[in-house]
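Text of the file query.cif, holding mmCIF, C-alpha atoms:
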data_entry
#
loop_
_atom_site.group_PDB
_atom_site.id
_atom_site.type_symbol
_atom_site.label_atom_id
_atom_site.label_comp_id
_atom_site.auth_asym_id
_atom_site.auth_seq_id
_atom_site.Cartn_x
_atom_site.Cartn_y
_atom_site.Cartn_z
ATOM 1 C CA MET S 38 18.841 -3.236 -41.127
ATOM 2 C CA LEU S 39 15.668 -2.929 -39.091
ATOM 3 C CA ARG S 40 15.363 -4.752 -35.791
ATOM 4 C CA ILE S 41 12.349 -4.379 -33.519
ATOM 5 C CA HIS S 42 12.390 -5.915 -30.096
ATOM 6 C CA LEU S 43 9.640 -5.967 -27.441
ATOM 7 C CA GLU S 44 9.724 -6.584 -23.717
ATOM 8 C CA VAL S 45 6.536 -6.773 -21.669
ATOM 9 C CA PRO S 46 6.582 -7.645 -17.986
ATOM 10 C CA CYS S 47 3.797 -10.040 -17.081
ATOM 11 C CA ARG S 48 2.872 -9.450 -13.470
ATOM 12 C CA PRO S 49 1.836 -12.410 -11.295
ATOM 13 C CA THR S 50 -1.861 -11.486 -11.286
ATOM 14 C CA GLU S 51 -1.876 -11.006 -15.045
ATOM 15 C CA SER S 52 -2.949 -13.495 -17.633
ATOM 16 C CA ALA S 53 -0.035 -14.168 -20.009
ATOM 17 C CA SER S 54 -2.470 -14.788 -22.846
ATOM 18 C CA LYS S 55 -4.173 -11.424 -22.310
ATOM 19 C CA VAL S 56 -0.804 -9.670 -22.227
ATOM 20 C CA MET S 57 0.245 -11.412 -25.431
ATOM 21 C CA LEU S 58 -3.071 -10.526 -27.042
ATOM 22 C CA ALA S 59 -2.463 -6.889 -26.085
ATOM 23 C CA VAL S 60 0.881 -6.975 -27.899
ATOM 24 C CA LEU S 61 -0.535 -8.749 -30.942
ATOM 25 C CA ASN S 62 -3.279 -6.120 -31.259
ATOM 26 C CA LEU S 63 -0.564 -3.581 -32.088
ATOM 27 C CA PHE S 64 2.065 -5.870 -33.638
ATOM 28 C CA PRO S 65 0.254 -8.818 -35.233
ATOM 29 C CA ASP S 66 3.431 -10.439 -36.550
ATOM 30 C CA ALA S 67 5.204 -10.440 -33.193
ATOM 31 C CA GLU S 68 6.946 -13.693 -32.363
ATOM 32 C CA LEU S 69 6.513 -13.880 -28.613
ATOM 33 C CA ALA S 70 8.236 -15.946 -25.957
ATOM 34 C CA GLU S 71 6.396 -16.421 -22.676
ATOM 35 C CA GLY S 72 8.011 -15.729 -19.305
ATOM 36 C CA GLU S 73 7.968 -13.304 -16.394
ATOM 37 C CA VAL S 74 8.925 -10.841 -19.077
ATOM 38 C CA ILE S 75 7.337 -11.646 -22.402
ATOM 39 C CA THR S 76 9.784 -10.880 -25.189
ATOM 40 C CA GLY S 77 9.256 -10.687 -28.887
ATOM 41 C CA GLN S 78 10.619 -9.852 -32.288
ATOM 42 C CA VAL S 79 8.593 -7.786 -34.730
ATOM 43 C CA ARG S 80 9.269 -7.243 -38.412
ATOM 44 C CA ASP S 81 6.415 -5.106 -39.551
ATOM 45 C CA LEU S 82 5.124 -1.835 -38.079
ATOM 46 C CA GLY S 83 2.225 -1.574 -40.542
ATOM 47 C CA ARG S 84 -0.597 -2.182 -38.099
ATOM 48 C CA PHE S 85 0.996 0.138 -35.527
ATOM 49 C CA SER S 86 1.294 2.855 -38.158
ATOM 50 C CA GLU S 87 -2.289 2.269 -39.287
ATOM 51 C CA LEU S 88 -3.532 2.687 -35.716
ATOM 52 C CA LEU S 89 -1.695 6.012 -35.395
ATOM 53 C CA ARG S 90 -3.529 7.163 -38.529
ATOM 54 C CA VAL S 91 -6.957 5.853 -37.490
ATOM 55 C CA GLN S 92 -6.607 7.326 -33.983
ATOM 56 C CA ARG S 93 -5.479 10.624 -35.537
ATOM 57 C CA ILE S 94 -2.407 10.782 -33.327
ATOM 58 C CA ARG S 95 0.228 10.724 -36.055
ATOM 59 C CA ASN S 96 1.585 14.161 -35.228
ATOM 60 C CA SER S 97 1.920 13.589 -31.516
ATOM 61 C CA ALA S 98 3.288 10.090 -32.189
ATOM 62 C CA ARG S 99 5.863 11.642 -34.516
ATOM 63 C CA GLU S 100 6.963 13.927 -31.714
ATOM 64 C CA VAL S 101 7.171 11.153 -29.143
ATOM 65 C CA LEU S 102 8.949 8.744 -31.488
ATOM 66 C CA GLY S 103 11.287 11.398 -32.881
ATOM 67 C CA GLY S 104 12.142 12.468 -29.334
ATOM 68 C CA SER S 105 12.924 8.888 -28.384
ATOM 69 C CA ILE S 106 15.778 8.487 -30.876
ATOM 70 C CA ARG S 107 19.228 7.959 -29.368
ATOM 71 C CA GLY S 108 21.859 7.109 -31.963
ATOM 72 C CA ASN S 109 20.527 4.204 -34.011
ATOM 73 C CA ARG S 110 17.855 3.295 -31.448
ATOM 74 C CA MET S 111 14.329 4.436 -30.830
ATOM 75 C CA VAL S 112 12.966 3.351 -27.449
ATOM 76 C CA PHE S 113 9.380 3.944 -26.330
ATOM 77 C CA HIS S 114 6.666 2.540 -24.086
ATOM 78 C CA LEU S 115 3.084 1.688 -24.863
ATOM 79 C CA ASN S 116 0.277 1.264 -22.381
ATOM 80 C CA LYS S 117 -0.592 -2.396 -22.052
ATOM 81 C CA GLN S 118 -4.215 -1.899 -21.024
ATOM 82 C CA ALA S 119 -4.899 0.407 -23.980
ATOM 83 C CA ALA S 120 -3.215 -2.136 -26.257
ATOM 84 C CA LEU S 121 -5.582 -4.843 -25.058
ATOM 85 C CA ALA S 122 -8.390 -2.558 -26.224
ATOM 86 C CA GLY S 123 -6.646 -2.235 -29.601
ATOM 87 C CA LYS S 124 -5.421 1.319 -29.019
ATOM 88 C CA VAL S 125 -2.001 2.913 -29.123
ATOM 89 C CA SER S 126 -1.272 4.990 -26.044
ATOM 90 C CA PHE S 127 2.242 6.190 -25.352
ATOM 91 C CA SER S 128 3.167 6.089 -21.703
ATOM 92 C CA ALA S 129 5.962 7.280 -19.499
ATOM 93 C CA LEU S 130 8.075 4.554 -17.942
ATOM 94 C CA SER S 131 5.818 3.075 -15.332
ATOM 95 C CA PRO S 132 5.911 0.306 -12.750
ATOM 96 C CA LEU S 133 2.778 -1.024 -14.422
ATOM 97 C CA GLY S 134 5.021 -2.815 -16.838
ATOM 98 C CA ASP S 135 4.089 -1.374 -20.155
ATOM 99 C CA ILE S 136 5.089 -2.612 -23.578
ATOM 100 C CA PHE S 137 8.703 -1.621 -23.991
ATOM 101 C CA VAL S 138 9.667 -1.266 -27.661
ATOM 102 C CA THR S 139 13.170 -0.880 -29.078
ATOM 103 C CA VAL S 140 13.568 -0.133 -32.761
ATOM 104 C CA GLU S 141 17.078 -0.311 -34.187
ATOM 105 C CA SER S 142 17.903 0.933 -37.624
ATOM 106 C CA ASP S 143 20.668 2.722 -39.505
ATOM 107 C CA ASP S 144 18.017 5.063 -40.833
ATOM 108 C CA LEU S 145 15.516 5.808 -38.093
ATOM 109 C CA GLU S 146 14.378 8.992 -39.809
ATOM 110 C CA ARG S 147 13.116 6.858 -42.655
ATOM 111 C CA VAL S 148 11.391 4.481 -40.241
ATOM 112 C CA LEU S 149 9.772 7.496 -38.577
ATOM 113 C CA ASP S 150 8.575 8.820 -41.929
ATOM 114 C CA GLN S 151 7.014 5.449 -42.712
ATOM 115 C CA VAL S 152 5.373 4.900 -39.346
ATOM 116 C CA ALA S 153 4.196 8.425 -38.647
ATOM 117 C CA PRO S 154 4.506 10.575 -41.753
ATOM 118 C CA ALA S 155 4.562 14.325 -41.186
ATOM 119 C CA SER S 156 1.217 15.858 -41.991
ATOM 120 C CA LEU S 157 1.089 18.434 -44.779
ATOM 121 C CA ARG S 158 -1.159 20.688 -42.782
ATOM 122 C CA LYS S 159 -0.014 22.408 -39.657
ATOM 123 C CA MET I 142 -20.251 -3.727 14.960
ATOM 124 C CA LEU I 143 -17.365 -4.767 12.729
ATOM 125 C CA ARG I 144 -17.632 -4.333 9.000
ATOM 126 C CA ILE I 145 -14.767 -5.095 6.631
ATOM 127 C CA HIS I 146 -15.051 -4.211 2.983
ATOM 128 C CA LEU I 147 -12.587 -4.845 0.145
ATOM 129 C CA GLU I 148 -12.204 -3.285 -3.268
ATOM 130 C CA VAL I 149 -9.663 -4.590 -5.767
ATOM 131 C CA PRO I 150 -9.439 -3.217 -9.285
ATOM 132 C CA CYS I 151 -8.974 -5.972 -11.829
ATOM 133 C CA ARG I 152 -7.103 -4.532 -14.773
ATOM 134 C CA PRO I 153 -7.979 -5.767 -18.256
ATOM 135 C CA THR I 154 -4.793 -7.811 -18.647
ATOM 136 C CA GLU I 155 -5.271 -9.407 -15.266
ATOM 137 C CA SER I 156 -6.819 -12.745 -14.543
ATOM 138 C CA ALA I 157 -9.820 -12.261 -12.242
ATOM 139 C CA SER I 158 -9.212 -15.657 -10.689
ATOM 140 C CA LYS I 159 -5.600 -14.777 -9.848
ATOM 141 C CA VAL I 160 -6.706 -11.455 -8.325
ATOM 142 C CA MET I 161 -9.349 -13.245 -6.262
ATOM 143 C CA LEU I 162 -6.819 -15.842 -5.179
ATOM 144 C CA ALA I 163 -4.529 -13.008 -4.041
ATOM 145 C CA VAL I 164 -7.327 -11.642 -1.843
ATOM 146 C CA LEU I 165 -8.257 -15.057 -0.466
ATOM 147 C CA ASN I 166 -4.633 -15.692 0.518
ATOM 148 C CA LEU I 167 -4.946 -12.872 3.057
ATOM 149 C CA PHE I 168 -8.688 -13.054 3.786
ATOM 150 C CA PRO I 169 -9.821 -16.659 3.282
ATOM 151 C CA ASP I 170 -13.442 -15.972 4.277
ATOM 152 C CA ALA I 171 -13.897 -13.092 1.809
ATOM 153 C CA GLU I 172 -17.150 -13.229 -0.131
ATOM 154 C CA LEU I 173 -16.109 -11.789 -3.470
ATOM 155 C CA ALA I 174 -18.111 -10.395 -6.354
ATOM 156 C CA GLU I 175 -16.403 -10.314 -9.754
ATOM 157 C CA GLY I 176 -16.275 -7.191 -11.891
ATOM 158 C CA GLU I 177 -13.914 -4.492 -13.141
ATOM 159 C CA VAL I 178 -13.515 -3.838 -9.463
ATOM 160 C CA ILE I 179 -13.746 -6.995 -7.405
ATOM 161 C CA THR I 180 -15.546 -6.252 -4.154
ATOM 162 C CA GLY I 181 -15.896 -8.324 -1.069
ATOM 163 C CA GLN I 182 -17.033 -8.609 2.500
ATOM 164 C CA VAL I 183 -14.788 -10.103 5.145
ATOM 165 C CA ARG I 184 -15.720 -11.154 8.670
ATOM 166 C CA ASP I 185 -12.547 -12.551 10.077
ATOM 167 C CA LEU I 186 -9.078 -10.977 10.198
ATOM 168 C CA GLY I 187 -7.454 -14.047 11.760
ATOM 169 C CA ARG I 188 -5.352 -15.094 8.795
ATOM 170 C CA PHE I 189 -4.291 -11.510 8.127
ATOM 171 C CA SER I 190 -3.240 -11.144 11.756
ATOM 172 C CA GLU I 191 -1.414 -14.471 11.640
ATOM 173 C CA LEU I 192 0.549 -13.356 8.591
ATOM 174 C CA LEU I 193 1.630 -10.169 10.361
ATOM 175 C CA ARG I 194 2.961 -12.353 13.158
ATOM 176 C CA VAL I 195 4.680 -14.887 10.912
ATOM 177 C CA GLN I 196 6.242 -12.158 8.776
ATOM 178 C CA ARG I 197 7.374 -10.364 11.974
ATOM 179 C CA ILE I 198 5.855 -7.097 10.854
ATOM 180 C CA ARG I 199 3.361 -6.646 13.692
ATOM 181 C CA ASN I 200 4.956 -3.485 14.998
ATOM 182 C CA SER I 201 5.184 -1.734 11.675
ATOM 183 C CA ALA I 202 1.694 -2.977 10.776
ATOM 184 C CA ARG I 203 0.424 -1.535 14.051
ATOM 185 C CA GLU I 204 1.888 1.817 13.080
ATOM 186 C CA VAL I 205 0.437 1.747 9.583
ATOM 187 C CA LEU I 206 -2.976 0.536 10.721
ATOM 188 C CA GLY I 207 -3.105 2.891 13.707
ATOM 189 C CA GLY I 208 -2.157 5.783 11.455
ATOM 190 C CA SER I 209 -4.919 4.879 9.035
ATOM 191 C CA ILE I 210 -7.754 5.399 11.544
ATOM 192 C CA ARG I 211 -10.145 8.222 10.755
ATOM 193 C CA GLY I 212 -13.141 8.333 13.065
ATOM 194 C CA ASN I 213 -14.673 4.862 13.047
ATOM 195 C CA ARG I 214 -12.849 3.796 9.879
ATOM 196 C CA MET I 215 -9.494 2.281 9.158
ATOM 197 C CA VAL I 216 -8.513 2.421 5.504
ATOM 198 C CA PHE I 217 -5.370 0.822 4.067
ATOM 199 C CA HIS I 218 -3.933 -0.700 0.913
ATOM 200 C CA LEU I 219 -2.221 -4.000 0.362
ATOM 201 C CA ASN I 220 -0.001 -4.941 -2.523
ATOM 202 C CA LYS I 221 -1.832 -7.331 -4.810
ATOM 203 C CA GLN I 222 1.242 -9.082 -6.211
ATOM 204 C CA ALA I 223 2.620 -9.767 -2.732
ATOM 205 C CA ALA I 224 -0.804 -11.078 -1.714
ATOM 206 C CA LEU I 225 -0.731 -13.570 -4.575
ATOM 207 C CA ALA I 226 2.515 -14.844 -3.052
ATOM 208 C CA GLY I 227 0.737 -15.130 0.318
ATOM 209 C CA LYS I 228 2.455 -12.115 1.838
ATOM 210 C CA VAL I 229 1.154 -8.952 3.467
ATOM 211 C CA SER I 230 2.767 -5.828 2.066
ATOM 212 C CA PHE I 231 1.317 -2.429 2.845
ATOM 213 C CA SER I 232 1.456 -0.080 -0.092
ATOM 214 C CA ALA I 233 0.838 3.541 -0.816
ATOM 215 C CA LEU I 234 -2.088 4.282 -3.077
ATOM 216 C CA SER I 235 -0.876 3.199 -6.469
ATOM 217 C CA PRO I 236 -2.205 3.079 -10.006
ATOM 218 C CA LEU I 237 -1.501 -0.634 -9.929
ATOM 219 C CA GLY I 238 -4.788 -1.118 -8.217
ATOM 220 C CA ASP I 239 -3.953 -2.620 -4.895
ATOM 221 C CA ILE I 240 -6.277 -4.295 -2.416
ATOM 222 C CA PHE I 241 -8.169 -1.470 -0.778
ATOM 223 C CA VAL I 242 -9.436 -2.417 2.681
ATOM 224 C CA THR I 243 -11.927 -0.492 4.803
ATOM 225 C CA VAL I 244 -12.549 -1.628 8.364
ATOM 226 C CA GLU I 245 -15.425 -0.002 10.208
ATOM 227 C CA SER I 246 -15.932 -0.450 13.919
ATOM 228 C CA ASP I 247 -17.056 1.487 16.974
ATOM 229 C CA ASP I 248 -13.927 0.253 18.686
ATOM 230 C CA LEU I 249 -11.053 0.275 16.228
ATOM 231 C CA GLU I 250 -8.465 0.342 19.000
ATOM 232 C CA ARG I 251 -9.716 -3.061 20.062
ATOM 233 C CA VAL I 252 -9.602 -4.329 16.477
ATOM 234 C CA LEU I 253 -6.034 -3.030 16.232
ATOM 235 C CA ASP I 254 -5.060 -4.804 19.456
ATOM 236 C CA GLN I 255 -6.468 -8.050 18.111
ATOM 237 C CA VAL I 256 -4.958 -7.819 14.645
ATOM 238 C CA ALA I 257 -1.546 -6.418 15.548
ATOM 239 C CA PRO I 258 -1.006 -6.590 19.317
ATOM 240 C CA ALA I 259 1.630 -4.258 20.716
ATOM 241 C CA SER I 260 4.809 -6.142 21.474
ATOM 242 C CA LEU I 261 5.967 -6.249 25.078
ATOM 243 C CA ARG I 262 9.550 -5.637 24.071
ATOM 244 C CA LYS I 263 10.682 -2.389 22.574
#
Take the structure from the file and write it as structure tokens.
Amino acid sequence: MLRIHLEVPCRPTESASKVMLAVLNLFPDAELAEGEVITGQVRDLGRFSELLRVQRIRNSAREVLGGSIRGNRMVFHLNKQAALAGKVSFSALSPLGDIFVTVESDDLERVLDQVAPASLRK
Amino acid sequence: MLRIHLEVPCRPTESASKVMLAVLNLFPDAELAEGEVITGQVRDLGRFSELLRVQRIRNSAREVLGGSIRGNRMVFHLNKQAALAGKVSFSALSPLGDIFVTVESDDLERVLDQVAPASLRK
């Protein structure tokens, strides 16, 4: 069981299409529903994982993601503006309304190993 | 001499037209220039003053505005989202990129008395 859910507040001055594009840059298969809070279901974390590799932030991502595990849930936030530029940037909870991601799985360690594999080198 | 200048960051996910509309709700005569930071010149504070009256926030506005005087400048920030809803809401400097207003005058006390007259009642 792997369930990935997104929530992204869309502020009044924002363009819903730009916000959705930001999400799709990181999660191209997201099925999004428009609203004051844009919500979505994601099945595949391949592109997200690929970006971590390309941006060379796998190790720090592994720390952030690993540290965000509570039981069978992994909850983290991604900067919306960076996402619109096609970049992954983890952010602290902010009133900016970032991309709020919840990953549920019975085996989050495995998900973590797939998304941000531990590097062999220290 | 009265010079009123606006600066409003337009974040990538924002719609420039919505941000400009937010500004024009409070300052209908603003001459705006589009960009990453929308800038503008304003001549008339009539609508702004009228909103303070209608919202019954003249006294608190007078405090905020009076407290924001430094020499011949008055510098304050207005919430962009509230502005889009046609409301004045003073805000602390925030990473949200609020509407940043600078009023320059040789007689700011007079400007203050015009924009947010002191109430007769305590």
Query raised in the report: Within 7 Å of (-5.4, -4.8, -26.2), in the coordinates the file gives, what residues turn up when you count only C-alpha atoms, written out as a ChimeraX atom specification?
Result: /S:58-60,62,117-124
Sorted by chain and rising residue number, which residues of chain I lie within 7 Å of chain S, and what are their closest atom pairs and distances in Å to one decimal, counting only C-alpha atoms, as a Markdown table?
| residue | atom | partner | partner_atom | distance |
| --- | --- | --- | --- | --- |
| I:Pro153 | CA | S:Gln118 | CA | 6.1 |
| I:Thr154 | CA | S:Lys55 | CA | 5.2 |
| I:Glu155 | CA | S:Glu51 | CA | 3.8 |
| I:Ser156 | CA | S:Ser52 | CA | 5.0 |
| I:Lys159 | CA | S:Thr50 | CA | 5.2 |
| I:Val160 | CA | S:Thr50 | CA | 5.7 |
| I:Gln222 | CA | S:Pro49 | CA | 6.1 |
| I:Leu237 | CA | S:Leu133 | CA | 6.2 |
What does chain S look like once superposed on chain I, all Cα atoms paired in sequence order, least squares? Give it as a compact mmCIF listing (two decimals) with C-alpha atoms, keeping the file's coordinate frame.
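Result file result24.txt:
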# COMPACT_ATOMS: atom_id res chain seq x y z
CA MET S 38 -20.23 -3.74 14.97
CA LEU S 39 -17.36 -4.77 12.73
CA ARG S 40 -17.64 -4.34 8.98
CA ILE S 41 -14.78 -5.10 6.62
CA HIS S 42 -15.07 -4.22 2.98
CA LEU S 43 -12.60 -4.84 0.14
CA GLU S 44 -12.22 -3.29 -3.28
CA VAL S 45 -9.67 -4.59 -5.78
CA PRO S 46 -9.46 -3.21 -9.30
CA CYS S 47 -8.96 -5.97 -11.84
CA ARG S 48 -7.09 -4.52 -14.79
CA PRO S 49 -7.90 -5.75 -18.31
CA THR S 50 -4.71 -7.80 -18.64
CA GLU S 51 -5.23 -9.40 -15.25
CA SER S 52 -6.79 -12.73 -14.53
CA ALA S 53 -9.81 -12.25 -12.25
CA SER S 54 -9.20 -15.65 -10.69
CA LYS S 55 -5.60 -14.77 -9.83
CA VAL S 56 -6.71 -11.47 -8.31
CA MET S 57 -9.36 -13.24 -6.26
CA LEU S 58 -6.83 -15.85 -5.17
CA ALA S 59 -4.54 -13.02 -4.04
CA VAL S 60 -7.33 -11.65 -1.84
CA LEU S 61 -8.26 -15.06 -0.47
CA ASN S 62 -4.64 -15.71 0.52
CA LEU S 63 -4.97 -12.89 3.06
CA PHE S 64 -8.71 -13.05 3.79
CA PRO S 65 -9.84 -16.65 3.28
CA ASP S 66 -13.45 -15.97 4.25
CA ALA S 67 -13.91 -13.10 1.81
CA GLU S 68 -17.15 -13.23 -0.14
CA LEU S 69 -16.12 -11.79 -3.48
CA ALA S 70 -18.11 -10.40 -6.37
CA GLU S 71 -16.41 -10.32 -9.76
CA GLY S 72 -16.28 -7.18 -11.91
CA GLU S 73 -13.92 -4.49 -13.16
CA VAL S 74 -13.52 -3.84 -9.47
CA ILE S 75 -13.73 -6.99 -7.41
CA THR S 76 -15.54 -6.26 -4.17
CA GLY S 77 -15.89 -8.33 -1.07
CA GLN S 78 -17.04 -8.61 2.49
CA VAL S 79 -14.79 -10.10 5.14
CA ARG S 80 -15.73 -11.15 8.65
CA ASP S 81 -12.55 -12.54 10.06
CA LEU S 82 -9.08 -10.97 10.18
CA GLY S 83 -7.47 -14.03 11.76
CA ARG S 84 -5.37 -15.11 8.80
CA PHE S 85 -4.29 -11.51 8.13
CA SER S 86 -3.24 -11.15 11.76
CA GLU S 87 -1.42 -14.48 11.66
CA LEU S 88 0.54 -13.37 8.60
CA LEU S 89 1.62 -10.17 10.37
CA ARG S 90 2.96 -12.36 13.19
CA VAL S 91 4.67 -14.91 10.93
CA GLN S 92 6.24 -12.17 8.79
CA ARG S 93 7.36 -10.39 11.98
CA ILE S 94 5.85 -7.11 10.85
CA ARG S 95 3.37 -6.66 13.68
CA ASN S 96 4.97 -3.48 14.98
CA SER S 97 5.20 -1.74 11.65
CA ALA S 98 1.70 -2.99 10.76
CA ARG S 99 0.45 -1.53 14.04
CA GLU S 100 1.89 1.82 13.06
CA VAL S 101 0.44 1.75 9.56
CA LEU S 102 -2.98 0.54 10.71
CA GLY S 103 -3.10 2.89 13.70
CA GLY S 104 -2.14 5.78 11.43
CA SER S 105 -4.91 4.88 9.02
CA ILE S 106 -7.74 5.41 11.52
CA ARG S 107 -10.14 8.25 10.73
CA GLY S 108 -13.14 8.34 13.05
CA ASN S 109 -14.67 4.87 13.04
CA ARG S 110 -12.86 3.80 9.86
CA MET S 111 -9.50 2.28 9.16
CA VAL S 112 -8.52 2.42 5.49
CA PHE S 113 -5.38 0.81 4.08
CA HIS S 114 -3.94 -0.72 0.91
CA LEU S 115 -2.23 -4.02 0.38
CA ASN S 116 -0.01 -4.97 -2.52
CA LYS S 117 -1.83 -7.36 -4.80
CA GLN S 118 1.25 -9.09 -6.19
CA ALA S 119 2.62 -9.78 -2.70
CA ALA S 120 -0.81 -11.09 -1.69
CA LEU S 121 -0.75 -13.58 -4.55
CA ALA S 122 2.49 -14.87 -3.03
CA GLY S 123 0.73 -15.15 0.34
CA LYS S 124 2.45 -12.12 1.88
CA VAL S 125 1.15 -8.96 3.49
CA SER S 126 2.78 -5.85 2.09
CA PHE S 127 1.32 -2.44 2.85
CA SER S 128 1.45 -0.07 -0.07
CA ALA S 129 0.84 3.57 -0.74
CA LEU S 130 -2.13 4.34 -2.95
CA SER S 131 -0.98 3.27 -6.36
CA PRO S 132 -2.35 3.13 -9.89
CA LEU S 133 -1.48 -0.56 -9.81
CA GLY S 134 -4.81 -1.15 -8.20
CA ASP S 135 -3.94 -2.65 -4.89
CA ILE S 136 -6.26 -4.30 -2.41
CA PHE S 137 -8.18 -1.48 -0.80
CA VAL S 138 -9.45 -2.42 2.67
CA THR S 139 -11.93 -0.50 4.80
CA VAL S 140 -12.54 -1.63 8.35
CA GLU S 141 -15.42 0.00 10.21
CA SER S 142 -15.93 -0.45 13.89
CA ASP S 143 -17.05 1.49 16.95
CA ASP S 144 -13.91 0.26 18.67
CA LEU S 145 -11.05 0.27 16.20
CA GLU S 146 -8.47 0.34 18.99
CA ARG S 147 -9.71 -3.06 20.05
CA VAL S 148 -9.59 -4.33 16.47
CA LEU S 149 -6.03 -3.03 16.23
CA ASP S 150 -5.06 -4.79 19.45
CA GLN S 151 -6.47 -8.05 18.10
CA VAL S 152 -4.94 -7.82 14.65
CA ALA S 153 -1.55 -6.42 15.56
CA PRO S 154 -1.00 -6.58 19.31
CA ALA S 155 1.65 -4.26 20.71
CA SER S 156 4.83 -6.15 21.44
CA LEU S 157 6.04 -6.23 25.03
CA ARG S 158 9.60 -5.60 24.00
CA LYS S 159 10.70 -2.36 22.47
**Report entry** Leu43 in chain S surroundings by all atoms listed in the file, 7 Å radius, close-in-sequence under 4 positions cut, as a list in words
**Finding:**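 The residues that qualify are Thr76, Gly77, Gln78, Ile136, Phe137, Val138 and Thr139 of chain S.
Within 8 Å of range 86-91 of chain S, once all atoms listed in the file are used and residues closer than 5 positions along the same chain are dropped, the contacting residues are Leu63, Ala98, Lys124, Val125, Gln151, Val152 and Ala153 of chain S.
With distances taken over all atoms listed in the file, S:Phe113 is the one residue among S:Arg107, S:Arg84, S:Glu141, S:Phe113 lying closest to Ser126 in chain S.
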Query raised in the report: In Å, with one decimal, what is the gap from CA of Val183 in chain I to CA of Ser232 in chain I?
Result: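 Between CA of Val183 in chain I and CA of Ser232 in chain I the gap works out to 19.8 Å.
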Hey, what's within 6 Å of Met111 in chain S if we count all atoms listed in the file and toss same-chain stuff fewer than 5 positions away? As a compact mmCIF listing (two decimals) with C-alpha atoms, in the frame of the given file, please?
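Saved result, part09.txt, follows:
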# COMPACT_ATOMS: atom_id res chain seq x y z
CA SER S 105 12.92 8.89 -28.38
CA ILE S 106 15.78 8.49 -30.88
CA THR S 139 13.17 -0.88 -29.08
CA VAL S 140 13.57 -0.13 -32.76
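CA of Leu149 in chain S lies 13.8 Å from CA of Gly108 in chain S.
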Report task. Calculate how many Å separate CA of Val178 in chain I from CA of Gln92 in chain S, rounding to one decimal. Result ->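 Atom-to-atom, CA of Val178 in chain I to CA of Gln92 in chain S, that is 27.8 Å.
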Requested in this report: Determine the nearest neighbour of Arg203 in chain I from the options I:Asp185, I:His146, I:Pro258, I:Leu165, counting all atoms listed in the file.
Outcome: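 That would be I:Pro258, the residue with the smallest distance to Arg203 in chain I.
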Query raised in the report: Quick one: of S:His114, S:Gly72, S:Arg80, S:Leu39, who's nearest to Asp135 in chain S, counting all atoms listed in the file?
Result: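 Closest to Asp135 in chain S, using all atoms listed in the file: S:His114.
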Query raised in the report: With distances taken over all atoms listed in the file, which of S:Asp143, S:Ile75, S:Arg95, S:Glu44 is nearest to Ser156 in chain S?
Result: S:Arg95
